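Read through the structure below, which is laid out as structure tokens, and then see the notes.
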Amino acid sequence: MRSTLDATLPWWIAGPTLGLVITSLLAVGNRRFGVLGGVTDVAFGSAEGRFASPRVLLVAGIVLGGLAYTLLDGTPDAGIAYSWLDAHLSGAGEIAVLFGAGLLIGVGARAAGGCTSGHGLTGSALMQPASLVSIGTIMATAIGTTLVLDAVI
Amino acid sequence: MRIRITSIALGAITGFVFGWARMTDPETFHRMLGLHSARIYLLMCAAVAVAFVGARLLRGRDALLTGERIDWTATPPTRSHLIGSVLFGVGWGISEACPGPTAAQLGSGRVLAVAVAAGVMTGVRLQPWLARIAREARDSSAAGTPGVQPSEVL
């Protein structure tokens with residue numbers, strides 16, 4: 001079991017599984033899969049509640065799923081290691097940069113009405129013009145940012 | 001109630017897949033966005049393809065738990081979608097994490113994901129206020145485009 005979990009799940013299993021999750025949410029309640037909707041409900045409240053709306057519980061489930069994988073795999077993820085940023089920053093500096101990146105993500109995704117899951121997966125599958133434009137813009141900007149950072153750091 | 005239980009269960013499957021597919025490791029997105037690996041692009045395309053077919057098979061039927069008609073209407077892109085997506089992309093490129101994988105990282109024990117998550121929550125909270133300031137700063141004749149309504153966020 002543990003060796004199976006140690007190997008990276010292939011994209012051709014992981015991708016279709018996420019596709020079935022999106023399809024299932026549509027099937028049970030005509031609902032859209034997306035993480036930012038849950039964050040928005042917590043931030044502002046919603047007609048279905050603030051901390052226990054279905055959109056918030058979807059995100060809570062993702063946290064629990066990440067925990068379940070780590071417990072079954074037996075290797076807690078990373079402690080205070082994060083990413084390539086670790087080599088250039090530490091402590092308060094790294095926390096500040098990550099918080100700032102989070103701010104950009106939060107402001108941006110809220111203005112755009114969705115993130116990679118909402119626009120990139122669900123909205124794209126529904127061929128929503130707003131989602132296709134959004135995910136195209138997100139991808140181009142994220143790739144550009146990464147290439148620039150790789151070049152200058 | 002049943003829709004809540006279903007939501008948390010589907011979220012748990014998602015988080016487990018994020019962990020197993022190494023999407024809780026920022027290096028995965030660094031390799032994706034640095035164009036060193038096609039794996040996550042293929043993963044996303046496969047997810048979209050399956051959901052595309054599923055959604056079309058379901059359209060017009062009644063939802064199993066709510067009885068609501070399964071349907072959607074086209075949302076046209078606005079200035080808000082474009083500007084927001086640019087900001088989002090820059091944040092993703094720096095943190096190498098988007099909100100779904102960040103949520104899974106909170107469960108998998110990547111401590112610094114708390115800083116990203118706090119930033120995301122603060123940013124979502126601040127956005128309507130920032131958008132109002134930006135609107136007021138612009139020429140009043142261009143102030144006609146309302147942003148995305150909270151219930152419309154995906």
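Quick note on naming: the chains in the structure tokens go A, B, ... in the order shown, residues restart at 1 in each chain, and ligands are numbered from 1 in order of appearance.
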
(Q) Can you tell me, as a PyMOL selection string, which residues in chain B count as helix (DSSP H, G or I) by DSSP? (A) chain B and resi 2-20+26-33+39-58+79-95+99-108+113-137+140-142+150-152

Q: For region 31-41 of chain B, list every protein, DNA or RNA residue within 10 Å, evaluated using only C-alpha atoms, and leave out those in the same chain fewer than 5 positions away; present the list as a ChimeraX atom specification.
A: /A:10-12,14-15,139-150 /B:21-23,26,46-47,92-93,96

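Using only C-alpha atoms for every distance, the candidate list B:Gly67, B:Pro128, B:Pro101, B:Gly123 yields B:Gly123 as the residue closest to chain A.
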
Q.
So that I can check the surroundings of region 15-18 of chain B, please list as an NGL selection string every protein, DNA and RNA residue that reaches within 12 Å of it, counting only C-alpha atoms and ignoring chain neighbours fewer than 6 positions away.
A. (:A and (5 or 8-19 or 21 or 35 or 58-73 or 117)) or (:B and (8-9 or 24-26 or 28-29 or 40 or 43-44 or 97-108))

Give me the residues within 9 Å of Thr23 (chain A) as a PDB file with N, CA and C atoms, in the first residue's frame, counting only C-alpha atoms and dropping any in the same chain fewer than 4 places off.
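Writing the result to around_4.pdb gives the following:
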```pdb
ATOM      1  N   LEU A  18     -10.324  13.891 -11.090  1.00  0.00           N
ATOM      2  CA  LEU A  18     -10.807  15.252 -10.831  1.00  0.00           C
ATOM      3  C   LEU A  18     -11.981  15.583 -11.763  1.00  0.00           C
ATOM      4  N   GLY A  19     -11.919  15.099 -12.997  1.00  0.00           N
ATOM      5  CA  GLY A  19     -13.025  15.308 -13.935  1.00  0.00           C
ATOM      6  C   GLY A  19     -14.313  14.673 -13.427  1.00  0.00           C
ATOM      7  N   ALA A  27     -23.873  16.554 -11.013  1.00  0.00           N
ATOM      8  CA  ALA A  27     -24.929  15.537 -10.988  1.00  0.00           C
ATOM      9  C   ALA A  27     -25.761  15.604  -9.720  1.00  0.00           C
ATOM     10  N   VAL A  28     -25.123  15.850  -8.568  1.00  0.00           N
ATOM     11  CA  VAL A  28     -25.896  15.811  -7.323  1.00  0.00           C
ATOM     12  C   VAL A  28     -26.646  17.109  -7.063  1.00  0.00           C
ATOM     13  N   ARG A  32     -20.940  23.901  -9.065  1.00  0.00           N
ATOM     14  CA  ARG A  32     -19.663  24.057  -9.746  1.00  0.00           C
ATOM     15  C   ARG A  32     -18.523  23.751  -8.798  1.00  0.00           C
ATOM     16  N   PHE A  33     -17.580  22.932  -9.264  1.00  0.00           N
ATOM     17  CA  PHE A  33     -16.377  22.662  -8.488  1.00  0.00           C
ATOM     18  C   PHE A  33     -15.451  23.869  -8.558  1.00  0.00           C
ATOM     19  N   THR A 122     -13.451  23.575 -14.104  1.00  0.00           N
ATOM     20  CA  THR A 122     -14.913  23.561 -14.265  1.00  0.00           C
ATOM     21  C   THR A 122     -15.377  24.476 -15.401  1.00  0.00           C
TER      22      THR A 122
ATOM     23  N   VAL B  50     -12.841  14.905 -19.343  1.00  0.00           N
ATOM     24  CA  VAL B  50     -13.835  14.048 -18.678  1.00  0.00           C
ATOM     25  C   VAL B  50     -15.035  14.877 -18.222  1.00  0.00           C
ATOM     26  N   ALA B  51     -14.760  16.049 -17.614  1.00  0.00           N
ATOM     27  CA  ALA B  51     -15.863  16.886 -17.125  1.00  0.00           C
ATOM     28  C   ALA B  51     -16.678  17.457 -18.283  1.00  0.00           C
ATOM     29  N   PHE B  52     -16.020  17.728 -19.410  1.00  0.00           N
ATOM     30  CA  PHE B  52     -16.709  18.238 -20.601  1.00  0.00           C
ATOM     31  C   PHE B  52     -17.767  17.223 -21.057  1.00  0.00           C
ATOM     32  N   VAL B  53     -17.349  15.965 -21.155  1.00  0.00           N
ATOM     33  CA  VAL B  53     -18.287  14.913 -21.581  1.00  0.00           C
ATOM     34  C   VAL B  53     -19.369  14.713 -20.527  1.00  0.00           C
ATOM     35  N   GLY B  54     -18.942  14.650 -19.243  1.00  0.00           N
ATOM     36  CA  GLY B  54     -19.908  14.440 -18.159  1.00  0.00           C
ATOM     37  C   GLY B  54     -20.958  15.532 -18.123  1.00  0.00           C
ATOM     38  N   ALA B  55     -20.511  16.781 -18.245  1.00  0.00           N
ATOM     39  CA  ALA B  55     -21.443  17.915 -18.157  1.00  0.00           C
ATOM     40  C   ALA B  55     -22.459  17.862 -19.293  1.00  0.00           C
ATOM     41  N   LEU B  58     -25.099  15.328 -18.696  1.00  0.00           N
ATOM     42  CA  LEU B  58     -26.004  15.667 -17.589  1.00  0.00           C
ATOM     43  C   LEU B  58     -26.915  16.840 -17.908  1.00  0.00           C
TER      44      LEU B  58
END
```

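As for CA of Leu126 (chain A) and CA of Trp72 (chain B), they are spaced 7.9 Å apart.
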
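For the pair CA of Val120 (chain B) and CA of Gly34 (chain A), the interatomic distance is 14.5 Å.
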
Q: Identify, on the basis of only C-alpha atoms, every residue whose closest approach to Glu152 (chain B) does not exceed 9 Å; exclude the query and any residue fewer than 4 positions from it along the same chain; express the result as JSON, numbers by chain.
A: {"A": [37, 113, 114], "B": [148]}

If we count only C-alpha atoms, what is near region 119-121 of chain A at a cut-off of 7 Å, once residues fewer than 2 positions away on the same chain are taken out, given as a PDB file with N, CA and C atoms, in the first residue's frame?
```
ATOM      1  N   GLY A 114     -12.734  33.336  -9.899  1.00  0.00           N
ATOM      2  CA  GLY A 114     -12.382  31.921  -9.852  1.00  0.00           C
ATOM      3  C   GLY A 114     -10.890  31.715  -9.948  1.00  0.00           C
ATOM      4  N   CYS A 115     -10.454  30.503  -9.590  1.00  0.00           N
ATOM      5  CA  CYS A 115      -9.017  30.201  -9.626  1.00  0.00           C
ATOM      6  C   CYS A 115      -8.769  29.088 -10.636  1.00  0.00           C
ATOM      7  N   THR A 116      -7.676  28.377 -10.456  1.00  0.00           N
ATOM      8  CA  THR A 116      -7.314  27.329 -11.407  1.00  0.00           C
ATOM      9  C   THR A 116      -8.375  26.235 -11.457  1.00  0.00           C
ATOM     10  N   SER A 117      -8.942  25.909 -10.298  1.00  0.00           N
ATOM     11  CA  SER A 117      -9.963  24.856 -10.295  1.00  0.00           C
ATOM     12  C   SER A 117     -11.275  25.362 -10.910  1.00  0.00           C
ATOM     13  N   GLY A 123     -14.970  25.758 -15.337  1.00  0.00           N
ATOM     14  CA  GLY A 123     -15.422  26.710 -16.351  1.00  0.00           C
ATOM     15  C   GLY A 123     -14.973  26.313 -17.746  1.00  0.00           C
ATOM     16  N   SER A 124     -13.763  25.770 -17.841  1.00  0.00           N
ATOM     17  CA  SER A 124     -13.272  25.345 -19.156  1.00  0.00           C
ATOM     18  C   SER A 124     -14.089  24.169 -19.680  1.00  0.00           C
ATOM     19  N   ALA A 125     -14.435  23.220 -18.777  1.00  0.00           N
ATOM     20  CA  ALA A 125     -15.232  22.066 -19.203  1.00  0.00           C
ATOM     21  C   ALA A 125     -16.620  22.516 -19.675  1.00  0.00           C
ATOM     22  N   SER A 131     -14.277  31.973 -18.407  1.00  0.00           N
ATOM     23  CA  SER A 131     -13.308  31.052 -17.813  1.00  0.00           C
ATOM     24  C   SER A 131     -12.155  30.763 -18.767  1.00  0.00           C
ATOM     25  N   SER A 134      -9.970  33.736 -18.742  1.00  0.00           N
ATOM     26  CA  SER A 134      -9.288  33.843 -17.449  1.00  0.00           C
ATOM     27  C   SER A 134      -8.150  32.836 -17.340  1.00  0.00           C
ATOM     28  N   ILE A 135      -8.404  31.570 -17.636  1.00  0.00           N
ATOM     29  CA  ILE A 135      -7.352  30.564 -17.442  1.00  0.00           C
ATOM     30  C   ILE A 135      -6.220  30.795 -18.439  1.00  0.00           C
TER      31      ILE A 135
ATOM     32  N   MET B  44      -4.565  18.437 -16.234  1.00  0.00           N
ATOM     33  CA  MET B  44      -5.679  19.395 -16.323  1.00  0.00           C
ATOM     34  C   MET B  44      -6.515  19.138 -17.569  1.00  0.00           C
ATOM     35  N   ALA B  47      -8.701  16.177 -16.986  1.00  0.00           N
ATOM     36  CA  ALA B  47      -9.825  16.514 -16.097  1.00  0.00           C
ATOM     37  C   ALA B  47     -10.905  17.269 -16.869  1.00  0.00           C
ATOM     38  N   VAL B  48     -10.476  18.241 -17.675  1.00  0.00           N
ATOM     39  CA  VAL B  48     -11.429  19.041 -18.454  1.00  0.00           C
ATOM     40  C   VAL B  48     -12.169  18.147 -19.459  1.00  0.00           C
ATOM     41  N   LEU B 154     -16.382  30.934  -8.737  1.00  0.00           N
ATOM     42  CA  LEU B 154     -16.257  29.485  -8.922  1.00  0.00           C
ATOM     43  C   LEU B 154     -15.330  28.885  -7.882  1.00  0.00           C
TER      44      LEU B 154
END
```

Q.
With only C-alpha atoms as the counted atoms, please give the residues lying no more than 8 Å from Gly84 (chain B), apart from itself and same-chain residues fewer than 3 positions off, as an MDAnalysis selection string.
A. (chainID A and resid 107:112) or (chainID B and resid 80:81 87:88)

Dump as an mmCIF file, in the first residue's frame, selection limited to N, CA and C atoms:
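To be explicit, this is the file written out as out_37.cif:
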```cif
data_model
loop_
_atom_site.group_PDB
_atom_site.id
_atom_site.type_symbol
_atom_site.label_atom_id
_atom_site.label_comp_id
_atom_site.auth_asym_id
_atom_site.auth_seq_id
_atom_site.Cartn_x
_atom_site.Cartn_y
_atom_site.Cartn_z
ATOM 1 N N VAL A 107 -6.724 38.608 -4.180
ATOM 2 C CA VAL A 107 -7.323 39.763 -4.867
ATOM 3 C C VAL A 107 -7.629 39.393 -6.320
ATOM 4 N N GLY A 108 -6.639 38.761 -6.975
ATOM 5 C CA GLY A 108 -6.783 38.445 -8.397
ATOM 6 C C GLY A 108 -7.882 37.439 -8.659
ATOM 7 N N ALA A 109 -7.874 36.344 -7.905
ATOM 8 C CA ALA A 109 -8.858 35.293 -8.160
ATOM 9 C C ALA A 109 -10.268 35.785 -7.824
ATOM 10 N N ARG A 110 -10.394 36.619 -6.771
ATOM 11 C CA ARG A 110 -11.725 37.149 -6.431
ATOM 12 C C ARG A 110 -12.225 38.078 -7.540
ATOM 13 N N ALA A 111 -11.317 38.927 -8.068
ATOM 14 C CA ALA A 111 -11.720 39.821 -9.158
ATOM 15 C C ALA A 111 -12.090 39.015 -10.400
ATOM 16 N N ALA A 112 -11.331 37.940 -10.649
ATOM 17 C CA ALA A 112 -11.572 37.122 -11.838
ATOM 18 C C ALA A 112 -12.743 36.164 -11.639
ATOM 19 N N SER B 80 -12.638 42.836 -15.369
ATOM 20 C CA SER B 80 -12.322 42.288 -14.050
ATOM 21 C C SER B 80 -11.689 40.891 -14.158
ATOM 22 N N HIS B 81 -12.196 40.076 -15.082
ATOM 23 C CA HIS B 81 -11.607 38.744 -15.286
ATOM 24 C C HIS B 81 -10.153 38.864 -15.719
ATOM 25 N N LEU B 87 -3.098 39.344 -11.956
ATOM 26 C CA LEU B 87 -2.612 39.366 -10.563
ATOM 27 C C LEU B 87 -2.469 37.946 -10.025
ATOM 28 N N PHE B 88 -3.480 37.132 -10.291
ATOM 29 C CA PHE B 88 -3.464 35.741 -9.834
ATOM 30 C C PHE B 88 -2.242 35.003 -10.393
#
```

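What separates CA of Thr6 (chain B) from CA of Glu68 (chain B) is a distance of 15.8 Å.
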